[in-house]
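Raw model-v5.cif, mmCIF, C-alpha atoms:
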data_model
#
loop_
_atom_site.label_atom_id
_atom_site.label_comp_id
_atom_site.auth_asym_id
_atom_site.auth_seq_id
_atom_site.Cartn_x
_atom_site.Cartn_y
_atom_site.Cartn_z
CA MET P 1 5.28 19.18 13.12
CA SER P 2 3.91 17.55 9.97
CA VAL P 3 3.78 19.16 6.56
CA ILE P 4 0.93 19.04 4.08
CA ARG P 5 1.38 21.26 1.04
CA PRO P 6 -1.12 22.24 -1.65
CA PHE P 7 0.00 21.71 -5.24
CA ARG P 8 -1.04 22.32 -8.83
CA ALA P 9 -2.16 18.83 -9.69
CA VAL P 10 -2.17 17.46 -13.19
CA ARG P 11 -5.42 15.50 -13.23
CA PRO P 12 -8.07 14.13 -15.60
CA LYS P 13 -11.00 16.13 -16.84
CA LYS P 14 -14.22 14.96 -15.19
CA GLU P 15 -15.39 12.92 -18.14
CA TYR P 16 -12.13 10.95 -18.30
CA ALA P 17 -11.46 10.32 -14.59
CA SER P 18 -12.86 6.79 -14.44
CA SER P 19 -10.98 5.79 -17.61
CA VAL P 20 -7.64 7.22 -16.48
CA ALA P 21 -7.71 5.95 -12.88
CA ALA P 22 -5.93 2.62 -12.41
CA LEU P 23 -4.76 0.32 -9.65
CA PRO P 24 -1.16 0.94 -8.52
CA TYR P 25 1.67 -0.53 -10.56
CA ASP P 26 2.75 -3.01 -7.90
CA VAL P 27 -0.48 -4.98 -7.52
CA MET P 28 -0.28 -6.64 -10.94
CA ASN P 29 2.32 -8.08 -13.26
CA SER P 30 2.96 -7.07 -16.86
CA ALA P 31 0.72 -9.76 -18.34
CA GLU P 32 -2.20 -8.68 -16.13
CA ALA P 33 -1.57 -5.02 -17.01
CA ARG P 34 -1.63 -5.78 -20.74
CA ILE P 35 -5.06 -7.33 -20.30
CA ALA P 36 -6.29 -4.45 -18.11
CA VAL P 37 -5.47 -1.75 -20.69
CA LYS P 38 -7.18 -3.45 -23.62
CA GLY P 39 -9.72 -1.07 -25.11
CA ASN P 40 -8.68 1.78 -22.81
CA PRO P 41 -6.00 4.07 -24.26
CA TYR P 42 -6.37 6.44 -21.30
CA SER P 43 -5.59 3.97 -18.50
CA PHE P 44 -2.82 5.24 -16.25
CA LEU P 45 -1.19 1.83 -16.55
CA HIS P 46 0.18 3.16 -19.85
CA VAL P 47 2.28 5.42 -17.61
CA ASP P 48 2.89 3.29 -14.52
CA LYS P 49 3.55 0.08 -16.48
CA ALA P 50 4.58 1.48 -19.85
CA GLU P 51 5.84 -1.89 -21.05
CA VAL P 52 2.22 -2.60 -22.03
CA ASP P 53 2.88 -0.47 -25.14
CA LEU P 54 6.11 -2.27 -26.04
CA PRO P 55 6.88 -5.80 -27.28
CA GLU P 56 6.30 -8.52 -24.68
CA ASP P 57 9.99 -9.48 -24.59
CA VAL P 58 11.10 -5.96 -23.60
CA ASP P 59 13.40 -5.66 -20.60
CA LEU P 60 11.17 -4.09 -17.92
CA TYR P 61 14.08 -1.99 -16.68
CA SER P 62 15.33 -0.74 -20.04
CA ASP P 63 15.56 2.96 -20.87
CA GLU P 64 12.87 2.36 -23.47
CA VAL P 65 10.26 1.58 -20.81
CA TYR P 66 10.93 4.70 -18.73
CA LYS P 67 11.00 6.93 -21.82
CA LYS P 68 7.68 5.45 -22.94
CA ALA P 69 6.19 6.20 -19.52
CA ALA P 70 7.20 9.87 -19.79
CA GLU P 71 5.89 10.00 -23.37
CA ASN P 72 2.53 8.52 -22.35
CA LEU P 73 2.24 10.89 -19.39
CA LYS P 74 2.83 13.90 -21.63
CA LYS P 75 0.34 12.55 -24.16
CA LEU P 76 -2.48 12.59 -21.59
CA SER P 77 -2.11 16.37 -21.35
CA ASP P 78 -1.32 16.95 -25.03
CA ASP P 79 -4.50 15.08 -26.02
CA GLY P 80 -6.65 17.06 -23.60
CA ILE P 81 -7.38 14.14 -21.28
CA CYS P 82 -5.61 15.75 -18.32
CA PHE P 83 -5.04 19.39 -17.36
CA LYS P 84 -2.98 21.27 -14.79
CA GLU P 85 -4.75 23.07 -11.95
CA ASP P 86 -4.63 26.88 -12.17
CA LYS P 87 -3.53 27.24 -8.55
CA PRO P 88 -2.30 25.05 -5.71
CA CYS P 89 -5.11 23.05 -4.11
CA LEU P 90 -5.72 20.21 -1.71
CA TYR P 91 -8.31 17.49 -2.35
CA VAL P 92 -10.59 15.20 -0.38
CA TYR P 93 -10.46 11.60 -1.60
CA ARG P 94 -13.06 9.13 -0.32
CA GLN P 95 -13.21 5.41 -1.06
CA ILE P 96 -16.07 3.11 -0.10
CA MET P 97 -15.60 -0.64 -0.22
CA ASN P 98 -18.09 -3.16 1.17
CA SER P 99 -19.92 -0.31 2.94
CA ARG P 100 -16.73 0.82 4.74
CA SER P 101 -15.55 4.34 4.03
CA GLN P 102 -12.11 5.93 4.28
CA THR P 103 -11.66 9.64 3.61
CA GLY P 104 -8.28 11.29 3.14
CA ILE P 105 -6.73 14.58 2.12
CA VAL P 106 -4.55 14.67 -0.98
CA GLY P 107 -1.53 16.93 -0.81
CA CYS P 108 2.25 16.85 -0.82
CA ALA P 109 4.45 15.59 2.00
CA SER P 110 7.96 16.82 2.73
CA ILE P 111 11.08 14.81 1.92
CA ASP P 112 12.65 16.43 5.01
CA ASP P 113 9.83 15.01 7.16
CA TYR P 114 10.70 11.60 5.75
CA MET P 115 14.43 12.01 6.39
CA ASN P 116 13.87 13.40 9.90
CA ASN P 117 11.50 10.53 10.79
CA ILE P 118 8.47 12.77 11.24
CA ILE P 119 7.10 10.41 8.59
CA LYS P 120 7.61 7.06 10.29
CA LYS P 121 8.25 3.75 8.55
CA HIS P 122 7.60 0.15 9.54
CA GLU P 123 9.03 -1.79 6.57
CA LEU P 124 12.39 -2.36 4.96
CA THR P 125 12.68 -1.57 1.27
CA ARG P 126 14.47 -3.44 -1.50
CA ALA P 127 17.14 -1.64 -3.52
CA ASP P 128 15.97 -3.09 -6.85
CA LYS P 129 12.40 -1.90 -6.31
CA GLU P 130 13.60 1.53 -5.26
CA ALA P 131 15.85 1.80 -8.32
CA ASP P 132 12.91 1.10 -10.64
CA ARG P 133 10.70 3.82 -9.15
CA ILE P 134 13.58 6.30 -8.90
CA ARG P 135 14.11 6.01 -12.65
CA HIS P 136 10.37 6.19 -13.28
CA VAL P 137 9.84 9.34 -11.17
CA ASP P 138 12.99 11.01 -12.47
CA THR P 139 12.24 10.30 -16.12
CA CYS P 140 8.58 11.30 -15.83
CA ASN P 141 9.53 14.34 -13.73
CA ALA P 142 6.53 13.55 -11.57
CA ASN P 143 5.15 11.53 -8.69
CA THR P 144 2.61 9.37 -10.48
CA GLY P 145 1.33 7.34 -7.53
CA PRO P 146 0.39 8.64 -4.07
CA ILE P 147 1.88 7.46 -0.78
CA PHE P 148 -0.69 6.15 1.71
CA LEU P 149 -0.11 8.05 4.99
CA THR P 150 -2.04 7.91 8.24
CA TYR P 151 -2.21 10.10 11.33
CA ARG P 152 -4.06 10.29 14.62
CA GLY P 153 -7.12 12.36 13.77
CA LYS P 154 -8.14 15.87 14.83
CA ASP P 155 -11.66 17.26 15.03
CA GLU P 156 -10.59 20.52 13.38
CA ILE P 157 -9.40 18.66 10.30
CA ASP P 158 -12.54 16.53 10.22
CA SER P 159 -14.76 19.63 10.23
CA ILE P 160 -13.05 21.11 7.16
CA VAL P 161 -13.26 17.78 5.34
CA ALA P 162 -16.97 17.53 6.20
CA LYS P 163 -17.58 20.98 4.70
CA TYR P 164 -16.37 19.74 1.33
CA THR P 165 -17.91 16.27 1.35
CA ALA P 166 -21.31 17.97 1.73
CA ARG P 167 -20.77 19.54 -1.71
CA THR P 168 -21.08 18.19 -5.24
CA PRO P 169 -17.96 16.12 -5.96
CA GLU P 170 -15.48 16.67 -8.75
CA TYR P 171 -15.19 12.93 -9.47
CA ASP P 172 -17.55 10.15 -8.46
CA PHE P 173 -17.31 6.69 -10.02
CA ILE P 174 -17.23 2.99 -9.19
CA THR P 175 -14.37 0.78 -10.35
CA ASN P 176 -14.76 -2.75 -11.68
CA ASP P 177 -13.99 -4.19 -8.25
CA GLY P 178 -16.95 -2.33 -6.74
CA VAL P 179 -15.04 0.45 -4.97
CA THR P 180 -16.62 3.91 -5.02
CA ASN P 181 -14.08 6.70 -5.56
CA THR P 182 -15.14 10.28 -4.86
CA VAL P 183 -13.04 13.46 -5.00
CA TRP P 184 -13.72 17.04 -3.90
CA VAL P 185 -11.44 20.03 -4.62
CA ILE P 186 -10.32 22.18 -1.66
CA ASP P 187 -9.60 25.47 -3.40
CA ASP P 188 -10.48 28.02 -0.73
CA GLU P 189 -7.22 29.61 0.44
CA ASN P 190 -8.45 30.05 4.01
CA ASP P 191 -9.40 26.37 4.29
CA ILE P 192 -6.07 25.34 2.78
CA ALA P 193 -4.19 27.56 5.23
CA SER P 194 -6.20 26.13 8.12
CA LEU P 195 -5.40 22.55 7.11
CA VAL P 196 -1.71 23.37 6.71
CA SER P 197 -1.76 24.90 10.18
CA GLN P 198 -3.63 21.96 11.74
CA PHE P 199 -1.14 19.45 10.37
CA LYS P 200 1.71 21.46 11.89
CA SER P 201 0.33 20.43 15.29
CA ILE P 202 0.38 16.74 14.39
CA PRO P 203 3.69 15.37 15.71
CA CYS P 204 4.15 12.58 13.18
CA LEU P 205 2.74 10.72 10.19
CA TYR P 206 2.96 7.01 9.41
CA ILE P 207 3.43 5.26 6.09
CA ALA P 208 0.58 2.79 5.86
CA ASP P 209 1.40 1.61 2.33
CA GLY P 210 3.91 2.68 -0.29
CA HIS P 211 7.31 2.42 1.39
CA HIS P 212 9.12 1.90 -1.93
CA ARG P 213 7.34 4.80 -3.61
CA ALA P 214 8.14 7.05 -0.65
CA ALA P 215 11.81 6.08 -0.50
CA SER P 216 12.14 6.55 -4.26
CA ALA P 217 10.45 9.95 -4.24
CA VAL P 218 12.77 11.12 -1.46
CA LYS P 219 15.88 9.92 -3.31
CA VAL P 220 14.79 11.73 -6.47
CA GLY P 221 14.36 14.87 -4.36
CA GLN P 222 17.83 14.43 -2.91
CA LYS P 223 19.23 13.92 -6.40
CA ARG P 224 17.59 17.15 -7.59
CA ARG P 225 19.00 19.00 -4.57
CA GLU P 226 22.51 17.83 -5.47
CA ALA P 227 21.97 19.04 -9.03
CA ASN P 228 20.68 22.40 -7.75
CA PRO P 229 22.97 23.42 -4.86
CA GLY P 230 21.21 26.78 -4.59
CA TYR P 231 17.82 25.20 -3.90
CA THR P 232 15.57 27.06 -1.45
CA GLY P 233 13.53 24.12 -0.16
CA ASP P 234 10.37 25.46 -1.77
CA GLU P 235 10.86 23.70 -5.11
CA GLU P 236 8.39 20.95 -5.96
CA PHE P 237 11.09 18.28 -5.90
CA ASN P 238 11.29 18.79 -2.13
CA PHE P 239 7.80 17.27 -1.80
CA PHE P 240 5.99 14.12 -2.88
CA LEU P 241 2.41 13.10 -3.55
CA ALA P 242 0.50 11.61 -0.62
CA VAL P 243 -2.97 10.97 0.75
CA TYR P 244 -3.39 11.58 4.49
CA PHE P 245 -5.98 9.37 6.24
CA LYS P 246 -6.90 9.51 9.91
CA SER P 247 -6.13 6.16 11.48
CA ASP P 248 -9.70 5.58 12.70
CA ASP P 249 -10.84 5.31 9.08
CA LEU P 250 -8.46 2.54 8.09
CA ALA P 251 -8.63 -1.22 8.35
CA ILE P 252 -5.85 -3.73 7.77
CA MET P 253 -6.80 -7.06 6.21
CA ASP P 254 -5.23 -10.42 6.94
CA TYR P 255 -2.09 -11.36 5.00
CA ASN P 256 -2.05 -15.14 4.75
CA ARG P 257 0.75 -17.66 4.17
CA LEU P 258 1.23 -20.65 1.87
CA ILE P 259 3.93 -23.33 2.20
CA ALA P 260 5.02 -25.52 -0.68
CA ASP P 261 5.84 -28.81 1.09
CA TYR P 262 5.93 -30.79 4.36
CA ASN P 263 9.71 -30.33 4.69
CA GLY P 264 10.26 -34.09 4.57
CA MET P 265 7.75 -34.95 7.29
CA THR P 266 4.46 -36.81 7.23
CA LYS P 267 1.28 -34.89 8.02
CA ASP P 268 1.10 -36.37 11.53
CA GLU P 269 4.75 -35.59 12.23
CA LEU P 270 4.17 -32.05 11.02
CA ILE P 271 1.14 -31.49 13.25
CA ASN P 272 2.97 -32.96 16.25
CA LYS P 273 5.93 -30.66 15.62
CA ILE P 274 3.66 -27.61 15.35
CA GLY P 275 1.95 -28.74 18.56
CA GLU P 276 5.12 -28.04 20.52
CA LYS P 277 4.40 -24.29 20.34
CA PHE P 278 0.70 -24.21 19.48
CA ASP P 279 -2.47 -25.81 20.74
CA VAL P 280 -3.84 -27.64 17.66
CA SER P 281 -7.47 -28.68 17.20
CA LEU P 282 -9.37 -29.96 14.17
CA TYR P 283 -11.84 -27.35 12.89
CA GLY P 284 -13.37 -29.16 9.91
CA ASP P 285 -14.15 -28.60 6.24
CA LYS P 286 -15.09 -24.92 6.43
CA PRO P 287 -12.37 -22.26 6.34
CA TYR P 288 -11.25 -20.98 9.72
CA HIS P 289 -10.76 -17.23 9.94
CA PRO P 290 -9.11 -16.31 13.27
CA GLU P 291 -11.24 -14.09 15.49
CA HIS P 292 -8.60 -13.19 18.07
CA LYS P 293 -4.92 -12.31 18.22
CA HIS P 294 -2.57 -15.30 18.54
CA ASP P 295 -5.09 -17.64 16.84
CA PHE P 296 -4.29 -19.06 13.41
CA GLY P 297 -5.97 -21.26 10.85
CA MET P 298 -4.08 -24.10 9.18
CA TYR P 299 -5.29 -25.86 6.02
CA ILE P 300 -3.67 -29.20 5.30
CA ASP P 301 -4.85 -32.29 3.43
CA SER P 302 -8.27 -30.68 2.73
CA LYS P 303 -8.97 -30.00 6.43
CA TRP P 304 -8.85 -26.85 8.54
CA TYR P 305 -7.26 -26.73 11.99
CA LYS P 306 -7.26 -24.03 14.65
CA LEU P 307 -3.90 -23.11 16.17
CA THR P 308 -3.45 -21.04 19.32
CA ALA P 309 0.00 -19.84 20.34
CA LYS P 310 0.98 -21.22 23.74
CA LYS P 311 1.76 -18.77 26.52
CA GLY P 312 5.46 -18.16 26.90
CA THR P 313 6.23 -18.63 23.20
CA TYR P 314 6.24 -14.85 22.58
CA ASP P 315 7.06 -11.68 24.50
CA ASP P 316 3.87 -9.70 25.04
CA SER P 317 5.87 -6.60 26.00
CA ASP P 318 7.71 -6.52 22.66
CA PRO P 319 5.65 -4.82 19.90
CA VAL P 320 7.31 -6.91 17.16
CA ASP P 321 7.60 -10.25 18.96
CA ARG P 322 3.91 -10.24 19.92
CA LEU P 323 2.75 -9.76 16.32
CA ASP P 324 1.00 -12.83 14.95
CA VAL P 325 3.17 -12.76 11.84
CA SER P 326 6.25 -12.85 14.12
CA ILE P 327 4.83 -15.66 16.27
CA LEU P 328 4.03 -17.83 13.25
CA GLN P 329 7.40 -17.15 11.63
CA LYS P 330 9.49 -17.72 14.76
CA ASN P 331 7.62 -20.69 16.20
CA CYS P 332 6.44 -22.49 13.07
CA ILE P 333 7.65 -21.37 9.66
CA THR P 334 11.34 -21.22 10.58
CA PRO P 335 11.72 -24.22 12.95
CA VAL P 336 9.16 -26.54 11.33
CA PHE P 337 9.56 -25.75 7.64
CA GLY P 338 13.13 -24.47 7.60
CA ILE P 339 12.16 -21.17 5.96
CA SER P 340 14.29 -18.56 7.70
CA ASP P 341 14.06 -15.75 5.13
CA PRO P 342 10.49 -15.30 3.90
CA ARG P 343 11.62 -12.45 1.64
CA THR P 344 13.61 -14.74 -0.63
CA ASP P 345 12.59 -18.36 0.00
CA LYS P 346 10.56 -19.71 -2.94
CA ARG P 347 8.83 -22.28 -0.69
CA ILE P 348 6.61 -19.62 0.88
CA ASP P 349 4.03 -17.37 -0.73
CA PHE P 350 1.64 -14.73 0.56
CA VAL P 351 -1.99 -14.01 -0.26
CA GLY P 352 -3.81 -10.83 0.71
CA GLY P 353 -7.06 -11.29 2.60
CA ILE P 354 -8.98 -9.55 -0.18
CA ARG P 355 -8.82 -12.85 -2.09
CA GLY P 356 -10.59 -14.80 0.66
CA LEU P 357 -9.67 -18.09 2.34
CA GLU P 358 -11.02 -20.05 -0.61
CA GLU P 359 -8.00 -18.81 -2.51
CA LEU P 360 -5.80 -20.63 0.02
CA GLU P 361 -7.71 -23.85 -0.63
CA ARG P 362 -7.39 -23.35 -4.38
CA ARG P 363 -3.64 -22.81 -4.16
CA CYS P 364 -3.19 -25.87 -1.97
CA ALA P 365 -4.93 -27.92 -4.65
CA LEU P 366 -2.80 -26.30 -7.36
CA ASP P 367 0.80 -25.71 -6.30
CA MET P 368 1.08 -25.52 -2.50
CA LYS P 369 0.56 -27.96 0.39
CA ILE P 370 -0.25 -25.98 3.54
CA ALA P 371 -1.93 -22.63 4.21
CA PHE P 372 -2.10 -20.45 7.30
CA SER P 373 -4.87 -17.90 7.82
CA MET P 374 -4.00 -14.92 9.97
CA TYR P 375 -5.69 -12.47 12.31
CA PRO P 376 -5.06 -9.00 10.84
CA THR P 377 -2.36 -6.76 12.20
CA THR P 378 -3.92 -3.65 13.75
CA LEU P 379 -3.23 0.05 13.15
CA ASP P 380 -2.16 0.32 16.78
CA ASP P 381 0.40 -2.44 16.17
CA LEU P 382 1.73 -0.56 13.14
CA MET P 383 2.01 2.76 14.95
CA ASP P 384 3.53 1.22 18.10
CA ILE P 385 6.24 -0.43 16.02
CA ALA P 386 6.93 2.71 13.98
CA ASP P 387 7.04 4.82 17.17
CA ALA P 388 9.62 2.44 18.61
CA GLY P 389 11.73 2.74 15.47
CA LEU P 390 11.30 -0.96 14.78
CA ILE P 391 10.54 -2.90 11.60
CA MET P 392 7.67 -5.27 10.96
CA PRO P 393 8.30 -8.69 9.46
CA PRO P 394 7.65 -8.88 5.70
CA LYS P 395 4.05 -9.15 4.51
CA SER P 396 2.53 -8.00 7.80
CA THR P 397 -0.16 -5.67 6.47
CA TRP P 398 -2.61 -5.63 3.56
CA PHE P 399 -4.61 -2.45 3.03
CA GLU P 400 -7.79 -2.27 0.99
CA PRO P 401 -9.01 -0.49 -0.97
CA LYS P 402 -5.90 0.49 -2.89
CA LEU P 403 -5.37 4.14 -3.74
CA LEU P 404 -5.89 4.65 -7.45
CA SER P 405 -3.15 6.17 -9.58
CA GLY P 406 -3.77 8.80 -12.24
CA LEU P 407 -6.31 10.98 -10.40
CA PHE P 408 -3.53 13.27 -9.12
CA ILE P 409 -0.07 13.79 -10.62
CA HIS P 410 2.55 15.93 -8.89
CA GLU P 411 5.11 17.47 -11.25
CA LEU P 412 8.57 18.03 -9.79
CA THR P 413 9.29 21.23 -11.75
#
How would this structure read if it were set down as structure tokens?
Amino acid sequence: MSVIRPFRAVRPKKEYASSVAALPYDVMNSAEARIAVKGNPYSFLHVDKAEVDLPEDVDLYSDEVYKKAAENLKKLSDDGICFKEDKPCLYVYRQIMNSRSQTGIVGCASIDDYMNNIIKKHELTRADKEADRIRHVDTCNANTGPIFLTYRGKDEIDSIVAKYTARTPEYDFITNDGVTNTVWVIDDENDIASLVSQFKSIPCLYIADGHHRAASAVKVGQKRREANPGYTGDEEFNFFLAVYFKSDDLAIMDYNRLIADYNGMTKDELINKIGEKFDVSLYGDKPYHPEHKHDFGMYIDSKWYKLTAKKGTYDDSDPVDRLDVSILQKNCITPVFGISDPRTDKRIDFVGGIRGLEELERRCALDMKIAFSMYPTTLDDLMDIADAGLIMPPKSTWFEPKLLSGLFIHELT
């Protein structure tokens, strides 16, 4: 049984929505955020990356940064940019990118569903990243960025969503990257009750993106429970902000790899070594984007090669071992390049497919030597792994478009 809960969102007035909405905090560094907020005092980056309003040498994890975030969040309401909904609502949130549409329902998920594995995970989280968002959420007393959830769709849910998307939207704007963002308010109590009931019949949800935000939100909720031993379970801190998308709407992009050196080998030695586990053929000057699972592109010395994993080098019955990211790591990156921990080794870098394969060529001319283009992980792969209680290798999935922050804020009290 999955929980979706309506809430009294703090959100921008219509005329400010496009100015407030911002990309999530973790897709840019501080320098990029400082540039992004220039000329826009309403950008939600003033909340999610509050260091933009402090000296450049500020410690990103100092109390000053978190206090500034809370101050900037309060200011959005004090200045009349944002308001709090009169009653609990749900919302429909649609994004269109390159003619592909994804439509989700904005509401609150349960921290108990997370702890009881009704909300399933497929990634490990890092303690330092969790600690940052725990302090941010706790100090702001709010979930400021939504968790990207997915579920196996139901016609009954689709029909309610369709009823609202046929109406005039509350927000409708296009961001600088060309993504259309449209929001409708679900304020009818019967429709809300129906959606809540429909989600109760969905056995589980999956985190598509936002594992650190989810883990942090849950730990803040647990912290509030400890501070309030008489809690009933109905308090807002027992829930966190999420957008629920049916899996059929979503697409995962490739997440490509860059390697810094030849690991002491010549190019020919390197290709021969890779050829022990892969069939290698010269592709040419044009970028090679794999069209099938277990095919890879390799860019080296200004040429593209096609790699195909040899039969017997992976276990097709194992949902993790058969992933292309696992095959490349186990049969190439670790044995050939000596990179056993891609989370920490500085000789490997990762580039989301949104940047295109030309970005791999550019990086190889700039600071790297070899690039690998990947076939995207599928939603079925993600759900199979989460269902099995297993963990994907790092940097397995790249979702686009990113959910914007600032359109919905969930206060914890």
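The protein and nucleic acid residues lying at most 6 Å from P:His294 are P:Thr308, P:Ala309, P:Asp324, with all atoms listed in the file considered and sequence neighbours fewer than 6 positions away removed.
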I'd like to see the residues matched by the PyMOL selection byres ((chain P and resi 16-31) around 7) on this file, and ideally I'd get them as a PyMOL selection string.
chain P and resi 12-15+32-35+40+42-45+48-49+52+81+145+171+173+402+404-407
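You can rank P:Ala386, P:Leu258, P:Ala214, P:Ile202 by their closest distance to P:Thr125 using all atoms listed in the file, and at the top of that list sits P:Ala214.
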For stretch 70-77 of chain P, find every residue with an atom within 8 Å (counting all atoms listed in the file), except residues of its own chain fewer than 6 positions away, and show them as JSON, numbers by chain.
{"P": [42, 46, 47, 50, 83, 139, 140, 141]}
Write out as JSON lines a residue-level contact list of stretch 142-206 of chain P versus stretch 86-104 of chain P with cut-off 8 Å: for each qualifying residue the closest pair of atoms and the distance in Å to one decimal, counting all atoms listed in the file, rows sorted by chain and residue number upward.
{"residue": "P:Val161", "atom": "CA", "partner": "P:Val92", "partner_atom": "CA", "distance": 6.8}
{"residue": "P:Tyr164", "atom": "CA", "partner": "P:Val92", "partner_atom": "CA", "distance": 7.5}
{"residue": "P:Thr165", "atom": "CA", "partner": "P:Val92", "partner_atom": "CA", "distance": 7.6}
{"residue": "P:Gly178", "atom": "CA", "partner": "P:Met97", "partner_atom": "CA", "distance": 6.9}
{"residue": "P:Val179", "atom": "CA", "partner": "P:Met97", "partner_atom": "CA", "distance": 4.9}
{"residue": "P:Thr180", "atom": "CA", "partner": "P:Ile96", "partner_atom": "CA", "distance": 5.0}
{"residue": "P:Asn181", "atom": "CA", "partner": "P:Gln95", "partner_atom": "CA", "distance": 4.8}
{"residue": "P:Thr182", "atom": "CA", "partner": "P:Arg94", "partner_atom": "CA", "distance": 5.1}
{"residue": "P:Val183", "atom": "CA", "partner": "P:Tyr93", "partner_atom": "CA", "distance": 4.7}
{"residue": "P:Trp184", "atom": "CA", "partner": "P:Val92", "partner_atom": "CA", "distance": 5.1}
{"residue": "P:Val185", "atom": "CA", "partner": "P:Tyr91", "partner_atom": "CA", "distance": 4.6}
{"residue": "P:Ile186", "atom": "CA", "partner": "P:Leu90", "partner_atom": "CA", "distance": 5.0}
{"residue": "P:Asp187", "atom": "CA", "partner": "P:Cys89", "partner_atom": "CA", "distance": 5.1}
{"residue": "P:Ile192", "atom": "CA", "partner": "P:Leu90", "partner_atom": "CA", "distance": 6.8}
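Of the listed residues P:Thr144, P:Thr413, P:Thr168, P:Asn263, the one whose atoms come nearest to P:Pro335 is P:Asn263, with distances taken using all atoms listed in the file.
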Can you list every residue of stretch 364-394 of chain P that has an atom at most 12 Å from stretch 274-292 of chain P, with its nearest atom pair and the distance in Å to one decimal, using only C-alpha atoms, ordered by chain then number, as JSON lines?
{"residue": "P:Ala371", "atom": "CA", "partner": "P:Pro287", "partner_atom": "CA", "distance": 10.7}
{"residue": "P:Phe372", "atom": "CA", "partner": "P:Tyr288", "partner_atom": "CA", "distance": 9.5}
{"residue": "P:Ser373", "atom": "CA", "partner": "P:His289", "partner_atom": "CA", "distance": 6.3}
{"residue": "P:Met374", "atom": "CA", "partner": "P:Pro290", "partner_atom": "CA", "distance": 6.2}
{"residue": "P:Tyr375", "atom": "CA", "partner": "P:Pro290", "partner_atom": "CA", "distance": 5.2}
{"residue": "P:Pro376", "atom": "CA", "partner": "P:Pro290", "partner_atom": "CA", "distance": 8.7}
{"residue": "P:Thr377", "atom": "CA", "partner": "P:His292", "partner_atom": "CA", "distance": 10.7}
{"residue": "P:Thr378", "atom": "CA", "partner": "P:His292", "partner_atom": "CA", "distance": 11.5}
Given all atoms listed in the file as the counted atoms, nearest of P:Leu54, P:Met115, P:Val320, P:Ile207 to P:Ala69
P:Leu54
Work out how far apart atom CA of P:Pro394 and atom CA of P:Asn116 are and give it in Å to one decimal.
23.5 Å
